[in-house]
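J.: Have a look at this one.
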Amino acid sequence: MFKKTMDKVFVIGGVALDMTSTISKSSKDFTSLLHTSSPGHIKQTLGGVGRNVCEAAMRTGAPAFLVSAVGDDLAAQTVRQGMQEIGMSTQYIQSIHTHPTAVYNAIHSHSGQLIAAVADMDIFDIIDSDKIKTTLHSEKPSLVCFDGNITAKIMATIAETSVQLGIPVFFEPTSVPKSLKIFEQPFTGITSGAIKFISPNQYELEAMSETARKTLTTDTISRNTLSDEAYTLSIKAPAQVERMLPHALHLSHMIPNVITKLGEDGCFYTGRSPTTNEPFIYYFEPEEVDHVVSVTGAGDCFVGTLVANLRKHLAYIQPDNAMLWKQIISRAQQAAVLTLQSDLAVSPNINKTLLYSN
């Protein structure tokens with residue numbers, strides 16, 4: 001399906017130091033915690049959507065490299081050291097002396113409820129897009145993935161460069177506001193055809209579909225959308241799949257492989273034949289979860305393991321290959337479950353057994 005380049009996967013996006021402060025005492029009245037210090041425990045972990053995706057892809061068996069930025073501070077040292085200790089490369093992590101390393105600082109109640117949080121992510125706004133362009137030209141990875149933390153300008157640079165090099169792109173939307181960045185630049189992923197895969201949740205899917213209807217409607221898409229209206233769901237799936245299907249069908253005219261995450265309800269795939277434009281829809285039931293320790297990073301690990309499997313099967317992946325999609329989606333779901341059962345953003349139990357070999 002895609003021409004062969006080098007074997008690497010490049011993930012372009014956020015890396016952060018996550019600090020979680022959990023208050024020891026139990027209190028129903030959070031106002032008693034204000035204007036004073038409280039005993040508790042503080043945990044530092046590596047985070048950032050791009051970094052989480054990259055680690056999960058690496059643990060699954062892909063030669064994955066993170067492209068991001070850190071400052072010149074103690075947090076940067078912690079991030080670099082932490083990545084190196086688990087075998088992640090820091091070769092493409094830019095050092096920016098004018099901004100601090102991204103930090104997410106959350107305060108949790110005794111029961112784990114979020115009380116407040118501060119996210120300092122401004123450094124991602126000044127990542128050098130020229131360096132990213134140069135890196136893509138020199139390394140020619142087989143697959144590029146980017147998250148919603150980077151700027152619309154950088155997204156456009158990735159799209160333009162990837163089209164030139166024939167590299168397929170995977171977009172992890174990250175949040176509703178960040179998912180809409182791909183509509184901001186004249187030459188963006190959504191209009192360039194660079195993005196071949198996308199992994200929204202139901203809210204991001206709806207927002208992107210509605211934005212596309214308002215800003216990118218063409219005669220061709222309008223005609224195809226009219227034919228979509230006659231499409232009825234022929235598979236057994238939760239009611240929300242039927243509600244989300246029109247949005248997925250619409251978005252698939254611009255991004256041919258839409259993998260919609262439904263949390264505890266599983267996920268569904270919407271694809272388009274590159275020759276006939278015929279839609280293909282598959283629903284995947286959720287994997288069983290014995291217990292949940294933390295939901296942090298589960299979606300990122302789903303994407304990371306998915307990306308690792310896509311990279312391995314790029315030459316064969318087609319919307320009508322239901323068996324291959326079933327195999328790789330199932331493995332991505334297993335990675336998410338492993339992380340749900342871990343207190344880390346990426347479970348160290350994710351491994352190469354999740355890389356499908358047919």
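For the structure tokens, the naming scheme is as follows: chains receive sequential letters (A, B, ...) according to their order of presentation, residues are indexed from 1 within each chain, and ligands are indexed from 1 in presentation order.
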Can I get the residues of range 27-70 of chain A within 8 Å of range 289-309 of chain A, each with the closest pair of atoms and their distance in Å to one decimal, using only C-alpha atoms, sorted chain first then ascending number, as CSV?
T.:
```
residue,atom,partner,partner_atom,distance
A:Val49,CA,A:Asp300,CA,6.2
A:Gly50,CA,A:Asp300,CA,8.0
A:Asn52,CA,A:Asp300,CA,5.9
A:Val53,CA,A:Gly304,CA,4.2
A:Cys54,CA,A:Gly304,CA,6.0
A:Glu55,CA,A:Gly304,CA,7.3
A:Ala56,CA,A:Gly304,CA,4.8
A:Ala57,CA,A:Gly304,CA,4.3
A:Met58,CA,A:Ala308,CA,7.5
A:Thr60,CA,A:Thr305,CA,5.8
A:Gly61,CA,A:Ala308,CA,6.8
A:Ala62,CA,A:Ala308,CA,5.2
```
J.: Show me, as a PDB file with C-alpha atoms, in the first residue's frame, the residues that have an atom within 8 Å of Leu46 in chain A when counting only C-alpha atoms, minus same-chain residues fewer than 5 positions from it.
T.:
```
ATOM      1  CA  VAL A  15       7.527  14.975  26.331  1.00  0.00           C
ATOM      2  CA  ALA A  16       6.935  16.126  29.880  1.00  0.00           C
ATOM      3  CA  LEU A  17       7.804  15.512  33.479  1.00  0.00           C
ATOM      4  CA  ASP A  18       4.619  14.482  35.262  1.00  0.00           C
ATOM      5  CA  VAL A  79      13.593  13.506  31.286  1.00  0.00           C
ATOM      6  CA  GLY A  82      14.713   8.647  32.415  1.00  0.00           C
ATOM      7  CA  MET A  83      14.369   8.029  28.699  1.00  0.00           C
ATOM      8  CA  ALA A 345       1.907   6.029  31.751  1.00  0.00           C
TER       9      ALA A 345
END
```
J.: Go through A:Ala75, A:Ile115, A:Met208, A:Leu344 one by one, measure the shortest atom-to-atom distance of each to Ala248 in chain A using only C-alpha atoms, and give the residue with the smallest value.
T.: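 Residue with the minimum atom-to-atom distance to Ala248 in chain A: A:Met208.
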J.: Calculated over only C-alpha atoms, which of the candidates A:Ile23, A:Leu245, A:Ile158, A:Met254 has the smallest distance to Thr191 in chain A?
T.: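 Ranking A:Ile23, A:Leu245, A:Ile158, A:Met254 by distance to Thr191 in chain A, first place goes to A:Met254.
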J.: Which of these, A:Leu324, A:Leu143, A:Ile350, A:Leu216, has the shortest distance to Pro186 in chain A once you count only C-alpha atoms?
T.: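 Nearest to Pro186 in chain A: A:Leu216.
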J.: Between CA of Thr78 in chain A and CA of Gly47 in chain A, what is the spacing in Å?
T.: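 The value is 11.5 Å.
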J.: Mind checking which residues fall within 9 Å of Asp7 in chain A, counting only C-alpha atoms, ignoring those fewer than 4 positions away in the same chain, and posting them as an MDAnalysis selection string?
T.: chainID A and resid 62:63 140:143 311:312
J.: Calculated over only C-alpha atoms, which of the candidates A:Gly263, A:Ala76, A:Gln334, A:Ile123 has the smallest distance to Thr98 in chain A?
T.: A:Ile123
J.: Just want the 10 Å neighbourhood of Pro319 in chain A, counted on only C-alpha atoms, with same-chain residues fewer than 6 positions away dropped. Output as a PDB file with all heavy atoms, in the first residue's frame.
T.:
```pdb
ATOM      1  N   PRO A 256      -8.091   8.225   5.135  1.00  0.00           N
ATOM      2  CA  PRO A 256      -8.716   6.949   4.729  1.00  0.00           C
ATOM      3  C   PRO A 256      -8.796   5.858   5.790  1.00  0.00           C
ATOM      4  O   PRO A 256      -9.467   4.847   5.563  1.00  0.00           O
ATOM      5  CB  PRO A 256      -7.833   6.492   3.558  1.00  0.00           C
ATOM      6  CG  PRO A 256      -6.519   7.165   3.776  1.00  0.00           C
ATOM      7  CD  PRO A 256      -6.834   8.487   4.407  1.00  0.00           C
ATOM      8  N   ASN A 257      -8.126   6.046   6.930  1.00  0.00           N
ATOM      9  CA  ASN A 257      -8.193   5.037   7.997  1.00  0.00           C
ATOM     10  C   ASN A 257      -8.479   5.730   9.321  1.00  0.00           C
ATOM     11  O   ASN A 257      -7.602   6.384   9.892  1.00  0.00           O
ATOM     12  CB  ASN A 257      -6.880   4.257   8.088  1.00  0.00           C
ATOM     13  CG  ASN A 257      -6.534   3.546   6.798  1.00  0.00           C
ATOM     14  OD1 ASN A 257      -7.041   2.460   6.511  1.00  0.00           O
ATOM     15  ND2 ASN A 257      -5.669   4.150   5.991  1.00  0.00           N
ATOM     16  N   TYR A 269     -13.361   0.772  13.418  1.00  0.00           N
ATOM     17  CA  TYR A 269     -12.530   1.202  12.289  1.00  0.00           C
ATOM     18  C   TYR A 269     -13.419   1.592  11.124  1.00  0.00           C
ATOM     19  O   TYR A 269     -14.391   0.895  10.799  1.00  0.00           O
ATOM     20  CB  TYR A 269     -11.593   0.068  11.869  1.00  0.00           C
ATOM     21  CG  TYR A 269     -10.907   0.309  10.537  1.00  0.00           C
ATOM     22  CD1 TYR A 269      -9.725   1.045  10.469  1.00  0.00           C
ATOM     23  CD2 TYR A 269     -11.439  -0.197   9.360  1.00  0.00           C
ATOM     24  CE1 TYR A 269      -9.096   1.269   9.252  1.00  0.00           C
ATOM     25  CE2 TYR A 269     -10.826   0.021   8.130  1.00  0.00           C
ATOM     26  CZ  TYR A 269      -9.647   0.751   8.082  1.00  0.00           C
ATOM     27  OH  TYR A 269      -9.034   0.989   6.873  1.00  0.00           O
ATOM     28  N   THR A 270     -13.086   2.699  10.482  1.00  0.00           N
ATOM     29  CA  THR A 270     -13.770   3.132   9.268  1.00  0.00           C
ATOM     30  C   THR A 270     -12.717   3.419   8.222  1.00  0.00           C
ATOM     31  O   THR A 270     -11.829   4.257   8.433  1.00  0.00           O
ATOM     32  CB  THR A 270     -14.602   4.401   9.510  1.00  0.00           C
ATOM     33  OG1 THR A 270     -15.425   4.216  10.662  1.00  0.00           O
ATOM     34  CG2 THR A 270     -15.467   4.719   8.303  1.00  0.00           C
ATOM     35  N   GLY A 271     -12.750   2.695   7.110  1.00  0.00           N
ATOM     36  CA  GLY A 271     -11.751   2.869   6.069  1.00  0.00           C
ATOM     37  C   GLY A 271     -12.375   3.054   4.705  1.00  0.00           C
ATOM     38  O   GLY A 271     -13.569   2.790   4.504  1.00  0.00           O
ATOM     39  N   ARG A 272     -11.558   3.511   3.768  1.00  0.00           N
ATOM     40  CA  ARG A 272     -12.010   3.732   2.389  1.00  0.00           C
ATOM     41  C   ARG A 272     -11.108   2.988   1.421  1.00  0.00           C
ATOM     42  O   ARG A 272      -9.881   3.055   1.515  1.00  0.00           O
ATOM     43  CB  ARG A 272     -11.947   5.222   2.039  1.00  0.00           C
ATOM     44  CG  ARG A 272     -12.952   6.088   2.743  1.00  0.00           C
ATOM     45  CD  ARG A 272     -14.309   6.030   2.079  1.00  0.00           C
ATOM     46  NE  ARG A 272     -15.302   6.755   2.872  1.00  0.00           N
ATOM     47  CZ  ARG A 272     -16.594   6.805   2.565  1.00  0.00           C
ATOM     48  NH1 ARG A 272     -17.037   6.208   1.480  1.00  0.00           N
ATOM     49  NH2 ARG A 272     -17.432   7.454   3.337  1.00  0.00           N
ATOM     50  N   SER A 273     -11.706   2.281   0.471  1.00  0.00           N
ATOM     51  CA  SER A 273     -10.936   1.648  -0.580  1.00  0.00           C
ATOM     52  C   SER A 273     -10.255   2.727  -1.422  1.00  0.00           C
ATOM     53  O   SER A 273     -10.908   3.684  -1.851  1.00  0.00           O
ATOM     54  CB  SER A 273     -11.833   0.799  -1.474  1.00  0.00           C
ATOM     55  OG  SER A 273     -11.156   0.434  -2.668  1.00  0.00           O
ATOM     56  N   PRO A 274      -8.941   2.606  -1.665  1.00  0.00           N
ATOM     57  CA  PRO A 274      -8.251   3.624  -2.462  1.00  0.00           C
ATOM     58  C   PRO A 274      -8.653   3.610  -3.933  1.00  0.00           C
ATOM     59  O   PRO A 274      -8.393   4.573  -4.661  1.00  0.00           O
ATOM     60  CB  PRO A 274      -6.773   3.249  -2.304  1.00  0.00           C
ATOM     61  CG  PRO A 274      -6.782   1.792  -1.976  1.00  0.00           C
ATOM     62  CD  PRO A 274      -8.038   1.552  -1.196  1.00  0.00           C
ATOM     63  N   GLU A 278     -15.148   2.633  -1.590  1.00  0.00           N
ATOM     64  CA  GLU A 278     -16.095   1.864  -0.796  1.00  0.00           C
ATOM     65  C   GLU A 278     -15.699   1.903   0.678  1.00  0.00           C
ATOM     66  O   GLU A 278     -14.534   1.737   1.026  1.00  0.00           O
ATOM     67  CB  GLU A 278     -16.117   0.406  -1.273  1.00  0.00           C
ATOM     68  CG  GLU A 278     -17.058  -0.496  -0.481  1.00  0.00           C
ATOM     69  CD  GLU A 278     -16.946  -1.952  -0.875  1.00  0.00           C
ATOM     70  OE1 GLU A 278     -16.155  -2.257  -1.798  1.00  0.00           O
ATOM     71  OE2 GLU A 278     -17.648  -2.785  -0.259  1.00  0.00           O
ATOM     72  N   PRO A 279     -16.682   2.124   1.574  1.00  0.00           N
ATOM     73  CA  PRO A 279     -16.351   2.145   3.000  1.00  0.00           C
ATOM     74  C   PRO A 279     -16.281   0.741   3.594  1.00  0.00           C
ATOM     75  O   PRO A 279     -17.013  -0.164   3.174  1.00  0.00           O
ATOM     76  CB  PRO A 279     -17.509   2.929   3.608  1.00  0.00           C
ATOM     77  CG  PRO A 279     -18.663   2.657   2.693  1.00  0.00           C
ATOM     78  CD  PRO A 279     -18.086   2.500   1.323  1.00  0.00           C
ATOM     79  N   PHE A 280     -15.404   0.592   4.581  1.00  0.00           N
ATOM     80  CA  PHE A 280     -15.294  -0.649   5.339  1.00  0.00           C
ATOM     81  C   PHE A 280     -15.366  -0.296   6.818  1.00  0.00           C
ATOM     82  O   PHE A 280     -14.632   0.582   7.289  1.00  0.00           O
ATOM     83  CB  PHE A 280     -13.980  -1.373   5.035  1.00  0.00           C
ATOM     84  CG  PHE A 280     -13.906  -1.919   3.643  1.00  0.00           C
ATOM     85  CD1 PHE A 280     -13.463  -1.128   2.591  1.00  0.00           C
ATOM     86  CD2 PHE A 280     -14.294  -3.226   3.370  1.00  0.00           C
ATOM     87  CE1 PHE A 280     -13.399  -1.627   1.293  1.00  0.00           C
ATOM     88  CE2 PHE A 280     -14.240  -3.734   2.083  1.00  0.00           C
ATOM     89  CZ  PHE A 280     -13.793  -2.929   1.032  1.00  0.00           C
ATOM     90  N   ILE A 281     -16.272  -0.951   7.541  1.00  0.00           N
ATOM     91  CA  ILE A 281     -16.471  -0.644   8.961  1.00  0.00           C
ATOM     92  C   ILE A 281     -16.337  -1.931   9.772  1.00  0.00           C
ATOM     93  O   ILE A 281     -16.974  -2.945   9.461  1.00  0.00           O
ATOM     94  CB  ILE A 281     -17.860  -0.010   9.219  1.00  0.00           C
ATOM     95  CG1 ILE A 281     -17.955   1.367   8.568  1.00  0.00           C
ATOM     96  CG2 ILE A 281     -18.119   0.138  10.711  1.00  0.00           C
ATOM     97  CD1 ILE A 281     -18.534   1.369   7.189  1.00  0.00           C
ATOM     98  N   TYR A 282     -15.491  -1.882  10.774  1.00  0.00           N
ATOM     99  CA  TYR A 282     -15.310  -3.020  11.676  1.00  0.00           C
ATOM    100  C   TYR A 282     -15.427  -2.531  13.113  1.00  0.00           C
ATOM    101  O   TYR A 282     -14.877  -1.487  13.462  1.00  0.00           O
ATOM    102  CB  TYR A 282     -13.927  -3.666  11.497  1.00  0.00           C
ATOM    103  CG  TYR A 282     -13.548  -3.952  10.061  1.00  0.00           C
ATOM    104  CD1 TYR A 282     -12.371  -3.421   9.523  1.00  0.00           C
ATOM    105  CD2 TYR A 282     -14.344  -4.754   9.239  1.00  0.00           C
ATOM    106  CE1 TYR A 282     -12.006  -3.674   8.213  1.00  0.00           C
ATOM    107  CE2 TYR A 282     -13.989  -5.014   7.928  1.00  0.00           C
ATOM    108  CZ  TYR A 282     -12.812  -4.467   7.416  1.00  0.00           C
ATOM    109  OH  TYR A 282     -12.459  -4.721   6.119  1.00  0.00           O
ATOM    110  N   TRP A 325      -6.580  -6.121  10.325  1.00  0.00           N
ATOM    111  CA  TRP A 325      -7.017  -5.074  11.247  1.00  0.00           C
ATOM    112  C   TRP A 325      -7.422  -5.662  12.597  1.00  0.00           C
ATOM    113  O   TRP A 325      -7.118  -5.100  13.652  1.00  0.00           O
ATOM    114  CB  TRP A 325      -8.175  -4.274  10.639  1.00  0.00           C
ATOM    115  CG  TRP A 325      -7.720  -3.229   9.675  1.00  0.00           C
ATOM    116  CD1 TRP A 325      -7.873  -3.228   8.320  1.00  0.00           C
ATOM    117  CD2 TRP A 325      -7.011  -2.029   9.993  1.00  0.00           C
ATOM    118  NE1 TRP A 325      -7.307  -2.106   7.770  1.00  0.00           N
ATOM    119  CE2 TRP A 325      -6.773  -1.343   8.772  1.00  0.00           C
ATOM    120  CE3 TRP A 325      -6.559  -1.454  11.174  1.00  0.00           C
ATOM    121  CZ2 TRP A 325      -6.101  -0.130   8.723  1.00  0.00           C
ATOM    122  CZ3 TRP A 325      -5.887  -0.243  11.124  1.00  0.00           C
ATOM    123  CH2 TRP A 325      -5.661   0.410   9.910  1.00  0.00           C
TER     124      TRP A 325
END
```
J.: I need the strand (DSSP E or B) residues of range 2-90 of chain A per DSSP on the backbone, written as a list in words.
T.: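 Filtering range 2-90 of chain A to strand (DSSP E or B) leaves Val9, Phe10, Val11, Ile12, Ala16, Leu17, Asp18, Met19, Thr20, Ser21, Thr22, Ile23, Gly40, His41, Ile42, Lys43, Gln44, Thr45, Leu46, Gly47, Ala64, Phe65, Leu66, Val67, Ser68, Ala69 and Val70 of chain A.
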J.: Which residues of range 166-188 of chain A come within 6 Å of range 192-203 of chain A, and what is each one's closest atom pair and distance in Å (one decimal), counting only C-alpha atoms, sorted by chain and residue number, as a Markdown table?
T.:
```
| residue | atom | partner | partner_atom | distance |
| --- | --- | --- | --- | --- |
| A:Pro168 | CA | A:Lys196 | CA | 5.9 |
| A:Val169 | CA | A:Ile195 | CA | 4.6 |
| A:Phe170 | CA | A:Phe197 | CA | 4.6 |
| A:Phe171 | CA | A:Ile198 | CA | 4.8 |
| A:Glu172 | CA | A:Ser199 | CA | 5.4 |
| A:Pro173 | CA | A:Pro200 | CA | 5.9 |
| A:Thr188 | CA | A:Ser192 | CA | 5.8 |
```
